[in-house]
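*Asks:* Let me give you the structure first, and then I'll get to my questions.
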Amino acid sequence: MPYKVLVVDDSSFFRRRVTDILNKDPNLTVIDVAVNGIDAVEKAVSLRPDVITMDIEMPLLNGIEAVKQIMAKAPTSILMFSSLTHQGANATLEALDAGALDFLPKKFSEIAKTSDDAGSLLRQRVVELAKMNGSLKRKLAIKAQSSRVTLASSVAKPVSKFETQPRNTLRTTKVDTTHSESIRNQSVKRSSGKKYQLLAIGTSTGGPIALQKILTQLPQNFPLPIILIQHMPAAFTFAFANRLNTLCNINVKEAENGDILKPGCAYLAPGGRQMIIDGTATLAKLKIIDDNSEKIAFKPSVDISFGSAAKVFGGSVLGVILTGMGSDGREGARMLKGKGATIWAQDEASCVVYGMPQAVKVAGISVLSLALEDMSQSIIKEIDHG
């Protein structure tokens with residue numbers, strides 16, 4: 001039976017276009033369309049689609065508010081369509097925070113070089129999100145209600161010798177604790193005692209919320225520099241870095257060419273380009289380069305950044321692969337492990353898409369699979385030698 005899709009957009013032309021593209025896949029069928037956010041919420045509740053494609057700017061009720069209501073009333077995998085502008089980036093990040101799982105540019109020319117390739121990518125994304133429906137609906141509901149990080153008047157008690165008075169006052173609400181006991185027991189009980197010089201994190205689909213969850217729990221005086229590789233368009237990474245910087249106690253910035261890696265600062269790879277670590281372990285700096293190679297599917301690429309980290313830092317890297325589609329990061333993590341680095345992966349139960357973490361686990365590269373809720377404290381404990 002094909003997966004059911006609800007297409008939401010106030011443009012009749014775009015509704016027809018998306019419908020025609022999706023219906024070319026025998027595994028997908030567009031069961032209905034909605035013309036605004038209110039219509040979308042009503043049809044999500046009554047029709048129970050497997051996936052919803054959602055515009056952001058709509059009359060009566062915009063896409064962000066519609067996502068919030070759908071996740072509260074009928075949790076569903078939602079793919080946002082966004083304009084590649086600063087305003088569009090911020091709105092898309094808000095939609096992801098509200099519970100949407102993925103996004104694509106609304107202009108198909110910005111998705112791929114040809115319309116056929118763009119259509120193929122759209123169908124692939126929708127099928128992947130549809131596969132997550134079923135049992136994940138319950139997890140999505142929990143995520144939408146309890147995984148957000150909000151400004152508040154109190155902070156958690158220090159958990160590490162690195163903890164100091166945070167730059168912002170934050171409250172992190174508890175997230176999904178429904179993992180099986182066998183998975184939940186996979187946490188860092190005691191540090192390995194290894195000395196690290198870099199934390200490297202790679203992710204894709206589901207990454208913005210996962211990164212926010214982890215980074216907001218790190219203390220202001222976190223002792224390592226952090227590199228972040230998130231598959232994201234060029235127009236989005238600056239806005240995403242600024243959003244994280246506002247929420248986090250550590251500093252977060254979009255990486256720039258020539259940046260010198262400093263402890264307590266996270267550098268987000270800019271979209272559409274590659275981020276490479278150069279120099280030495282004691283004086284490492286970033287090179288941001290254009291990449292016109294058709295052989296490299298992702299820009300930024302986790303493999304490329306992780307590979308460069310292996311050359312500069314060798315085994316003194318803690319590499320983490322989070323939720324994401326595909327296998328980017330596997331070969332870079334393999335290079336790191338070959339130098340003696342430690343590789344962790346997010347566990348299947350807490351992933352939005354268990355692709356990238358599964359790739360490093362199946363290849364025997366990762367030594368530990370951790371629930372998202374345990375990741376930040378496990379990182380702190382490991383480098384704190386607790």
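Following the order of the structure tokens, chains are lettered A, B, ..., residues in each are numbered from 1, and ligands are numbered from 1.
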Could you give me the residues within segment 168-313 of chain A that DSSP places in helix (DSSP H, G or I), as a ChimeraX atom specification?
*Replies:* /A:181-184,207-215,234-247,302-313
*Asks:* Counting only C-alpha atoms, what are the residues of segment 269-317 of chain A within 10 Å of segment 323-334 of chain A, and for each of them which pair of atoms is the nearest and at what distance in Å, to one decimal? Sort the table by chain and rising number, as a Markdown table.
*Replies:*
```
| residue | atom | partner | partner_atom | distance |
| --- | --- | --- | --- | --- |
| A:Ile296 | CA | A:Asp328 | CA | 9.9 |
| A:Ala297 | CA | A:Asp328 | CA | 8.9 |
| A:Phe298 | CA | A:Asp328 | CA | 7.9 |
| A:Ser301 | CA | A:Asp328 | CA | 6.9 |
| A:Val302 | CA | A:Gly329 | CA | 4.7 |
| A:Asp303 | CA | A:Gly332 | CA | 4.0 |
| A:Ile304 | CA | A:Gly332 | CA | 6.4 |
| A:Ser305 | CA | A:Gly332 | CA | 7.4 |
| A:Phe306 | CA | A:Gly332 | CA | 4.7 |
| A:Gly307 | CA | A:Gly332 | CA | 4.6 |
| A:Ser308 | CA | A:Gly332 | CA | 8.3 |
| A:Ala309 | CA | A:Gly332 | CA | 8.7 |
| A:Ala310 | CA | A:Gly332 | CA | 8.0 |
```
*Asks:* Compile the contact shell of Lys311 of chain A as number ranges by chain: residues with an atom at most 12 Å away, counting only C-alpha atoms, same-chain residues fewer than 3 positions apart removed.
*Replies:* A: 276-281, 284, 304-308, 314-317, 332-333, 335-341
*Asks:* Let me make sure I understand: among A:Ile288, A:Ile227, A:Val352, A:Ile214, which one has the smallest atom-to-atom distance to Asp102 of chain A if we use only C-alpha atoms?
*Replies:*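 Of A:Ile288, A:Ile227, A:Val352, A:Ile214, the one nearest Asp102 of chain A, counting only C-alpha atoms, is A:Val352.
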*Asks:* Near Pro300 of chain A, within 7 Å and counting only C-alpha atoms, which residues show up once chain neighbours fewer than 2 positions away are dropped, as a ChimeraX atom specification?
*Replies:* /A:229,231,269-275,298,302
*Asks:* When you look at Val127 of chain A with a cut-off of 12 Å (counting only C-alpha atoms), what residues show up, excluding the ones that are within fewer than 4 positions of it in the same chain? I need them as number ranges by chain.
*Replies:* A: 2-5, 22-23, 25-29, 50-53, 77-79, 120-123, 131-133, 325, 353
